[in-house]
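This is entry_28.txt. It holds compact mmCIF, C-alpha atoms and all ligand atoms.
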# COMPACT_ATOMS: atom_id res chain seq x y z
CA MET L 1 0.00 0.00 0.00
CA SER L 2 2.83 2.36 0.90
CA THR L 3 4.42 1.85 -2.53
CA ALA L 4 1.11 2.32 -4.34
CA TYR L 5 0.44 5.52 -2.43
CA SER L 6 3.92 6.89 -3.08
CA ARG L 7 3.40 6.40 -6.83
CA ALA L 8 0.17 8.42 -6.95
CA PRO L 9 -0.52 10.30 -3.72
CA ARG L 10 -2.90 12.83 -5.32
CA SER L 11 -5.10 10.08 -6.75
CA TYR L 12 -5.57 8.60 -3.30
CA GLU L 13 -6.20 12.00 -1.71
CA LYS L 14 -8.84 12.86 -4.32
CA GLY L 15 -10.46 9.45 -3.99
CA LYS L 16 -9.77 8.50 -7.63
CA LYS L 17 -7.89 5.55 -6.25
CA SER L 18 -8.66 3.83 -3.00
CA PHE L 19 -7.17 1.02 -0.99
CA GLU L 20 -8.96 -2.22 -0.46
CA PHE L 21 -8.71 -3.62 3.02
CA ASP L 22 -9.06 -7.27 3.83
CA ALA L 23 -11.43 -7.74 6.76
CA GLY L 24 -10.40 -11.39 6.61
CA ILE L 25 -7.11 -10.24 8.10
CA TYR L 26 -7.84 -7.40 10.54
CA ALA L 27 -11.15 -8.87 11.65
CA HIS L 28 -10.08 -12.52 11.49
CA GLU L 29 -11.64 -14.64 14.19
CA SER L 30 -8.23 -15.08 15.84
CA VAL L 31 -7.79 -11.28 16.01
CA LYS L 32 -11.25 -10.87 17.51
CA GLN L 33 -10.62 -13.55 20.09
CA ALA L 34 -7.27 -12.01 21.06
CA LEU L 35 -8.86 -8.56 21.40
CA LEU L 36 -11.76 -9.99 23.35
CA ARG L 37 -9.33 -11.58 25.79
CA ALA L 38 -7.15 -8.46 26.08
CA GLN L 39 -10.22 -6.29 26.69
CA HIS L 40 -11.85 -8.70 29.16
CA GLY L 41 -14.81 -9.15 26.81
CA LYS L 42 -15.67 -5.44 27.04
CA CYS L 43 -16.16 -2.73 24.44
CA ALA L 44 -12.99 -0.60 24.39
CA PHE L 45 -15.05 2.56 24.73
CA CYS L 46 -18.23 2.03 26.77
CA GLU L 47 -17.00 -0.91 28.91
CA SER L 48 -20.12 -2.95 28.13
CA LYS L 49 -19.78 -6.71 27.95
CA PHE L 50 -21.43 -7.56 24.66
CA ALA L 51 -19.98 -10.92 23.61
CA HIS L 52 -23.10 -12.83 24.72
CA ILE L 53 -25.33 -10.98 22.24
CA SER L 54 -23.09 -9.58 19.52
CA TYR L 55 -19.85 -10.27 17.62
CA GLY L 56 -18.66 -6.70 18.04
CA ASP L 57 -16.64 -4.76 15.49
CA VAL L 58 -12.91 -4.65 15.03
CA GLU L 59 -12.51 -0.93 15.12
CA HIS L 60 -9.59 1.11 13.79
CA PHE L 61 -8.71 3.84 16.27
CA ARG L 62 -7.18 5.83 13.43
CA PRO L 63 -9.67 5.25 10.58
CA LYS L 64 -8.15 3.19 7.78
CA ALA L 65 -10.05 4.55 4.74
CA GLY L 66 -10.74 8.21 5.56
CA TRP L 67 -11.29 10.47 8.55
CA ARG L 68 -13.35 13.41 9.68
CA GLN L 69 -12.29 16.12 12.12
CA GLU L 70 -15.96 17.07 12.64
CA GLU L 71 -19.19 15.17 12.11
CA ASP L 72 -20.51 17.45 9.31
CA GLU L 73 -17.28 17.47 7.30
CA PRO L 74 -16.73 15.49 4.11
CA LEU L 75 -14.54 12.42 4.45
CA SER L 76 -10.83 13.17 3.99
CA ARG L 77 -8.93 10.46 2.15
CA PRO L 78 -7.02 8.23 2.05
CA GLY L 79 -7.09 7.74 5.83
CA TYR L 80 -4.54 5.88 7.89
CA TYR L 81 -4.16 3.05 5.37
CA TRP L 82 -0.75 2.01 6.72
CA LEU L 83 -2.27 1.26 10.14
CA ALA L 84 -5.07 -0.99 8.84
CA TYR L 85 -3.37 -4.13 10.12
CA GLU L 86 -1.44 -2.64 13.03
CA TRP L 87 -2.22 -4.32 16.33
CA ALA L 88 -1.94 -1.06 18.31
CA ASN L 89 -4.59 0.53 16.09
CA LEU L 90 -7.17 -2.24 16.54
CA PHE L 91 -9.79 -2.50 19.23
CA LEU L 92 -12.96 -4.42 19.72
CA ALA L 93 -15.97 -2.16 20.09
CA CYS L 94 -19.69 -2.72 20.43
CA THR L 95 -21.54 -1.96 17.19
CA LEU L 96 -23.21 1.12 18.70
CA CYS L 97 -19.96 2.78 19.78
CA ASN L 98 -18.36 1.98 16.44
CA GLN L 99 -21.11 2.33 13.85
CA GLN L 100 -23.42 4.91 15.34
CA PHE L 101 -20.96 7.13 17.15
CA LYS L 102 -17.25 6.92 16.31
CA LYS L 103 -17.57 6.02 12.63
CA ASN L 104 -14.76 7.82 10.75
CA LEU L 105 -14.29 10.55 13.32
CA PHE L 106 -10.76 11.20 14.42
CA PRO L 107 -10.49 14.76 15.70
CA LEU L 108 -7.13 16.29 16.60
CA GLN L 109 -6.45 19.15 18.97
CA THR L 110 -4.13 20.65 16.33
CA PRO L 111 -5.56 19.66 12.91
CA SER L 112 -2.46 21.02 11.13
CA ARG L 113 -0.45 18.22 12.73
CA ARG L 114 -2.52 15.56 10.95
CA THR L 115 -0.46 12.66 9.57
CA ARG L 116 -1.33 12.27 5.90
CA SER L 117 0.77 9.31 4.84
CA HIS L 118 3.01 6.49 6.02
CA LYS L 119 5.99 8.82 5.60
CA GLU L 120 4.96 10.88 8.60
CA ASP L 121 4.94 9.97 12.27
CA VAL L 122 1.57 9.57 14.02
CA THR L 123 3.12 10.21 17.41
CA GLU L 124 3.36 13.87 16.35
CA GLU L 125 -0.44 14.05 16.43
CA ASP L 126 -2.47 15.14 19.43
CA PRO L 127 -5.70 13.11 19.19
CA LEU L 128 -8.74 14.41 21.02
CA LEU L 129 -10.08 10.88 21.47
CA LEU L 130 -8.55 8.89 24.28
CA ASP L 131 -6.52 5.95 23.02
CA PRO L 132 -7.61 2.92 25.07
CA ALA L 133 -4.16 1.37 24.65
CA VAL L 134 -2.15 4.44 25.59
CA ASP L 135 -4.19 6.70 27.85
CA ASN L 136 -5.51 6.00 31.30
CA PRO L 137 -9.17 6.94 30.78
CA GLU L 138 -9.72 7.56 34.49
CA ALA L 139 -7.34 10.50 34.39
CA PHE L 140 -9.68 12.13 31.87
CA ILE L 141 -13.18 10.77 32.53
CA SER L 142 -14.94 10.25 35.83
CA PHE L 143 -18.55 9.62 36.82
CA ARG L 144 -21.25 11.22 38.92
CA GLU L 145 -23.41 8.20 39.62
CA GLU L 146 -23.90 6.79 36.10
CA VAL L 147 -23.15 10.03 34.24
CA PRO L 148 -19.65 10.42 32.77
CA TYR L 149 -17.93 13.82 32.90
CA ALA L 150 -14.57 15.21 31.84
CA VAL L 151 -12.21 15.62 34.81
CA ASP L 152 -11.64 19.38 35.28
CA GLY L 153 -13.49 19.90 32.00
CA ASN L 154 -10.52 18.57 29.96
CA ALA L 155 -11.06 18.62 26.19
CA ARG L 156 -9.98 15.03 25.49
CA GLY L 157 -12.36 13.59 28.07
CA GLU L 158 -15.25 15.74 26.86
CA THR L 159 -14.61 14.98 23.18
CA THR L 160 -14.39 11.26 23.90
CA ILE L 161 -17.66 11.29 25.87
CA ARG L 162 -19.43 13.27 23.14
CA THR L 163 -18.00 11.45 20.12
CA LEU L 164 -18.58 7.97 21.54
CA GLY L 165 -22.06 8.85 22.81
CA LEU L 166 -21.12 7.80 26.33
CA ARG L 167 -24.08 9.72 27.76
CA ARG L 168 -26.62 7.79 25.65
CA GLU L 169 -29.73 6.83 27.54
CA ALA L 170 -29.66 3.08 26.90
CA LEU L 171 -26.12 2.93 28.27
CA ALA L 172 -27.07 5.12 31.26
CA GLU L 173 -29.92 2.73 32.04
CA GLN L 174 -27.54 -0.27 32.11
CA ARG L 175 -25.09 1.70 34.23
CA ARG L 176 -27.83 2.66 36.72
CA ARG L 177 -28.86 -0.98 37.02
CA HIS L 178 -25.25 -1.92 37.66
CA LEU L 179 -24.90 0.75 40.36
CA SER L 180 -28.04 -0.45 42.11
CA HIS L 181 -26.30 -3.81 42.55
CA VAL L 182 -23.14 -2.12 43.78
CA GLU L 183 -25.19 -0.10 46.26
CA ALA L 184 -26.99 -3.22 47.53
CA LEU L 185 -23.67 -4.96 48.11
CA ARG L 186 -22.31 -1.93 49.91
CA GLN L 187 -25.29 -1.98 52.26
CA LEU L 188 -24.78 -5.66 53.03
CA ILE L 189 -21.28 -4.71 54.16
CA GLU L 190 -22.27 -1.60 56.11
CA LEU L 191 -25.03 -3.43 57.96
CA ARG L 192 -22.54 -6.16 58.86
CA THR L 193 -24.87 -8.85 57.62
CA PRO L 194 -23.73 -12.50 57.52
CA GLU L 195 -23.25 -12.00 53.76
CA ALA L 196 -20.84 -9.08 54.26
CA SER L 197 -17.64 -10.96 53.46
CA LYS L 198 -19.13 -12.46 50.30
CA ALA L 199 -20.36 -9.00 49.31
CA ARG L 200 -16.93 -7.49 49.91
CA LYS L 201 -15.30 -10.07 47.63
CA LEU L 202 -17.88 -9.42 44.95
CA LEU L 203 -17.36 -5.65 45.14
CA GLN L 204 -13.61 -6.14 44.85
CA ARG L 205 -14.09 -8.22 41.73
CA MET L 206 -16.43 -5.66 40.23
CA GLN L 207 -13.74 -2.99 40.58
CA GLN L 208 -11.08 -4.98 38.75
CA ASP L 209 -10.37 -4.14 35.11
CA SER L 210 -12.20 -7.29 34.05
CA GLY L 211 -15.47 -6.04 35.59
CA GLU L 212 -18.13 -4.47 33.42
CA TYR L 213 -18.23 -0.67 33.98
CA ALA L 214 -15.25 -1.00 36.36
CA ALA L 215 -14.23 2.65 35.93
CA MET L 216 -17.69 3.84 36.97
CA THR L 217 -17.82 1.33 39.82
CA ARG L 218 -14.48 2.53 41.16
CA ALA L 219 -15.56 6.16 40.93
CA PHE L 220 -18.83 5.36 42.72
CA LEU L 221 -17.07 3.63 45.62
CA ARG L 222 -14.37 6.29 46.06
ZN ZN U 1 -19.42 0.36 23.29

Show this structure as structure tokens.
Ligand SMILES: [Zn+2]
Amino acid sequence: MSTAYSRAPRSYEKGKKSFEFDAGIYAHESVKQALLRAQHGKCAFCESKFAHISYGDVEHFRPKAGWRQEEDEPLSRPGYYWLAYEWANLFLACTLCNQQFKKNLFPLQTPSRRTRSHKEDVTEEDPLLLDPAVDNPEAFISFREEVPYAVDGNARGETTIRTLGLRREALAEQRRRHLSHVEALRQLIELRTPEASKARKLLQRMQQDSGEYAAMTRAFLR
């Protein structure tokens, strides 16, 4: 791909030529299974466990075929074609986070620093979306009950919440349900019931990275 692009960069930028990507490689069952294991069966963005009802999407953090800085902009090509099969650029996401919200969006704080081809270095970019493999999301996003907010109003946290639709009602409903269980367990402990030690173990497990909505659970119990 790099050679093809180097031969005719303008054609790829104008969309006269485009790359074909092989989903049989980047979304191969073995890739999905490895991502599922690495992500504890959770969507990389909303922390929902979806594997029991959906395959999920192998999502490219930096969009492979074209990107948008803003939702209402036309697609800019050719995208981050050279990262289409890069492990560090692949995540498993629920179909809602990927298809309804993130899509081809990849906003940068400084759009002029956008990497346009394999000849440039993506580490020069300052992405507004949090990279699940690089950033610690809890430094940027916290929760009031089930509602996510950007810590100290930081731009990356806010953009990630907005772009990924992390305040969507259906997700909030699941999160509320989850917190009601957390709250019930906490009461079992506070009231020193015979079940307290079992409840404590369960709460500990729910706060580990493998737990669904662990970031919210940790914030709630802090
Ligand atoms: Zn999701």

Across L:Ile53, L:Val122, L:Leu164, L:Ala150, the smallest distance to ligand ZN 1 (chain U), with all atoms listed in the file counted, is shown by L:Leu164

Can you pull out every residue with an atom within 7 Å of ligand ZN 1 (chain U)? Use all atoms listed in the file and format it as a tab-separated table (two decimals) with C-alpha atoms, in the frame of the given file.
chain	number	residue	atom	x	y	z
L	43	CYS	CA	-16.16	-2.73	24.44
L	44	ALA	CA	-12.99	-0.60	24.39
L	45	PHE	CA	-15.05	2.56	24.73
L	46	CYS	CA	-18.23	2.03	26.77
L	47	GLU	CA	-17.00	-0.91	28.91
L	48	SER	CA	-20.12	-2.95	28.13
L	93	ALA	CA	-15.97	-2.16	20.09
L	94	CYS	CA	-19.69	-2.72	20.43
L	95	THR	CA	-21.54	-1.96	17.19
L	96	LEU	CA	-23.21	1.12	18.70
L	97	CYS	CA	-19.96	2.78	19.78

Calculated over all atoms listed in the file, which of the candidates L:Ser18, L:Gln39, L:Gln207, L:Gln109 has the smallest distance to L:Ala65?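 Going through L:Ser18, L:Gln39, L:Gln207, L:Gln109 one by one, the smallest distance to L:Ala65 is for L:Ser18.
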
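Shortest atom-to-atom contact with L:Thr115 among L:Ser54, L:Gln33, L:Gln100, L:Ser76: L:Ser76, counting all atoms listed in the file.
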
Using all atoms listed in the file, I'd like a table of the residues in stretch 62-177 of chain L that come within 8 Å of stretch 25-29 of chain L; for each, show the closest atom pair and its distance in Å rounded to one decimal, ordered by chain and ascending number, as a Markdown table.
| residue | atom | partner | partner_atom | distance |
| --- | --- | --- | --- | --- |
| L:Ala84 | CA | L:Tyr26 | CA | 7.2 |
| L:Tyr85 | CA | L:Tyr26 | CA | 5.6 |
| L:Leu90 | CA | L:Tyr26 | CA | 7.9 |

Working from the structure I just supplied, which lacks atoms in stretch 113-133 of chain L, can you model N, CA and C atoms there and output them as a PDB file, keeping the file's coordinate frame?
ATOM      1  N   ARG L 113      -1.454  19.258  12.467  1.00  0.00           N
ATOM      2  CA  ARG L 113      -0.450  18.220  12.730  1.00  0.00           C
ATOM      3  C   ARG L 113      -0.904  16.842  12.239  1.00  0.00           C
ATOM      4  N   ARG L 114      -1.977  16.819  11.456  1.00  0.00           N
ATOM      5  CA  ARG L 114      -2.520  15.560  10.950  1.00  0.00           C
ATOM      6  C   ARG L 114      -1.496  14.800  10.109  1.00  0.00           C
ATOM      7  N   THR L 115      -1.330  13.520  10.357  1.00  0.00           N
ATOM      8  CA  THR L 115      -0.460  12.660   9.570  1.00  0.00           C
ATOM      9  C   THR L 115      -1.208  12.247   8.306  1.00  0.00           C
ATOM     10  N   ARG L 116      -0.618  12.532   7.144  1.00  0.00           N
ATOM     11  CA  ARG L 116      -1.330  12.270   5.900  1.00  0.00           C
ATOM     12  C   ARG L 116      -0.860  11.023   5.177  1.00  0.00           C
ATOM     13  N   SER L 117       0.296  10.515   5.527  1.00  0.00           N
ATOM     14  CA  SER L 117       0.770   9.310   4.840  1.00  0.00           C
ATOM     15  C   SER L 117       1.730   8.546   5.745  1.00  0.00           C
ATOM     16  N   HIS L 118       2.107   7.363   5.261  1.00  0.00           N
ATOM     17  CA  HIS L 118       3.010   6.490   6.020  1.00  0.00           C
ATOM     18  C   HIS L 118       4.382   7.110   6.211  1.00  0.00           C
ATOM     19  N   LYS L 119       4.662   8.209   5.489  1.00  0.00           N
ATOM     20  CA  LYS L 119       5.990   8.820   5.600  1.00  0.00           C
ATOM     21  C   LYS L 119       6.111   9.700   6.835  1.00  0.00           C
ATOM     22  N   GLU L 120       4.935  10.031   7.418  1.00  0.00           N
ATOM     23  CA  GLU L 120       4.960  10.880   8.600  1.00  0.00           C
ATOM     24  C   GLU L 120       4.771  10.029   9.867  1.00  0.00           C
ATOM     25  N   ASP L 121       4.934  10.693  11.003  1.00  0.00           N
ATOM     26  CA  ASP L 121       4.940   9.970  12.270  1.00  0.00           C
ATOM     27  C   ASP L 121       3.676  10.308  13.077  1.00  0.00           C
ATOM     28  N   VAL L 122       2.828   9.296  13.316  1.00  0.00           N
ATOM     29  CA  VAL L 122       1.570   9.570  14.020  1.00  0.00           C
ATOM     30  C   VAL L 122       1.768  10.040  15.464  1.00  0.00           C
ATOM     31  N   THR L 123       2.941   9.777  16.022  1.00  0.00           N
ATOM     32  CA  THR L 123       3.120  10.210  17.410  1.00  0.00           C
ATOM     33  C   THR L 123       3.246  11.738  17.513  1.00  0.00           C
ATOM     34  N   GLU L 124       3.352  12.396  16.360  1.00  0.00           N
ATOM     35  CA  GLU L 124       3.360  13.870  16.350  1.00  0.00           C
ATOM     36  C   GLU L 124       1.952  14.441  16.519  1.00  0.00           C
ATOM     37  N   GLU L 125       0.950  13.578  16.337  1.00  0.00           N
ATOM     38  CA  GLU L 125      -0.440  14.050  16.430  1.00  0.00           C
ATOM     39  C   GLU L 125      -0.876  14.186  17.883  1.00  0.00           C
ATOM     40  N   ASP L 126      -1.892  15.027  18.094  1.00  0.00           N
ATOM     41  CA  ASP L 126      -2.470  15.140  19.430  1.00  0.00           C
ATOM     42  C   ASP L 126      -3.976  14.817  19.376  1.00  0.00           C
ATOM     43  N   PRO L 127      -4.303  13.518  19.358  1.00  0.00           N
ATOM     44  CA  PRO L 127      -5.700  13.110  19.190  1.00  0.00           C
ATOM     45  C   PRO L 127      -6.581  13.601  20.339  1.00  0.00           C
ATOM     46  N   LEU L 128      -7.789  14.006  19.983  1.00  0.00           N
ATOM     47  CA  LEU L 128      -8.740  14.410  21.020  1.00  0.00           C
ATOM     48  C   LEU L 128      -9.418  13.197  21.650  1.00  0.00           C
ATOM     49  N   LEU L 129      -9.495  12.094  20.892  1.00  0.00           N
ATOM     50  CA  LEU L 129     -10.080  10.880  21.470  1.00  0.00           C
ATOM     51  C   LEU L 129      -9.041  10.164  22.312  1.00  0.00           C
ATOM     52  N   LEU L 130      -9.465   9.641  23.435  1.00  0.00           N
ATOM     53  CA  LEU L 130      -8.550   8.890  24.280  1.00  0.00           C
ATOM     54  C   LEU L 130      -8.229   7.566  23.612  1.00  0.00           C
ATOM     55  N   ASP L 131      -6.959   7.215  23.601  1.00  0.00           N
ATOM     56  CA  ASP L 131      -6.520   5.950  23.020  1.00  0.00           C
ATOM     57  C   ASP L 131      -6.556   4.885  24.123  1.00  0.00           C
ATOM     58  N   PRO L 132      -7.457   3.903  23.988  1.00  0.00           N
ATOM     59  CA  PRO L 132      -7.610   2.920  25.070  1.00  0.00           C
ATOM     60  C   PRO L 132      -6.322   2.158  25.373  1.00  0.00           C
ATOM     61  N   ALA L 133      -5.398   2.122  24.414  1.00  0.00           N
ATOM     62  CA  ALA L 133      -4.160   1.370  24.650  1.00  0.00           C
ATOM     63  C   ALA L 133      -3.072   2.239  25.261  1.00  0.00           C
TER      64      ALA L 133
END
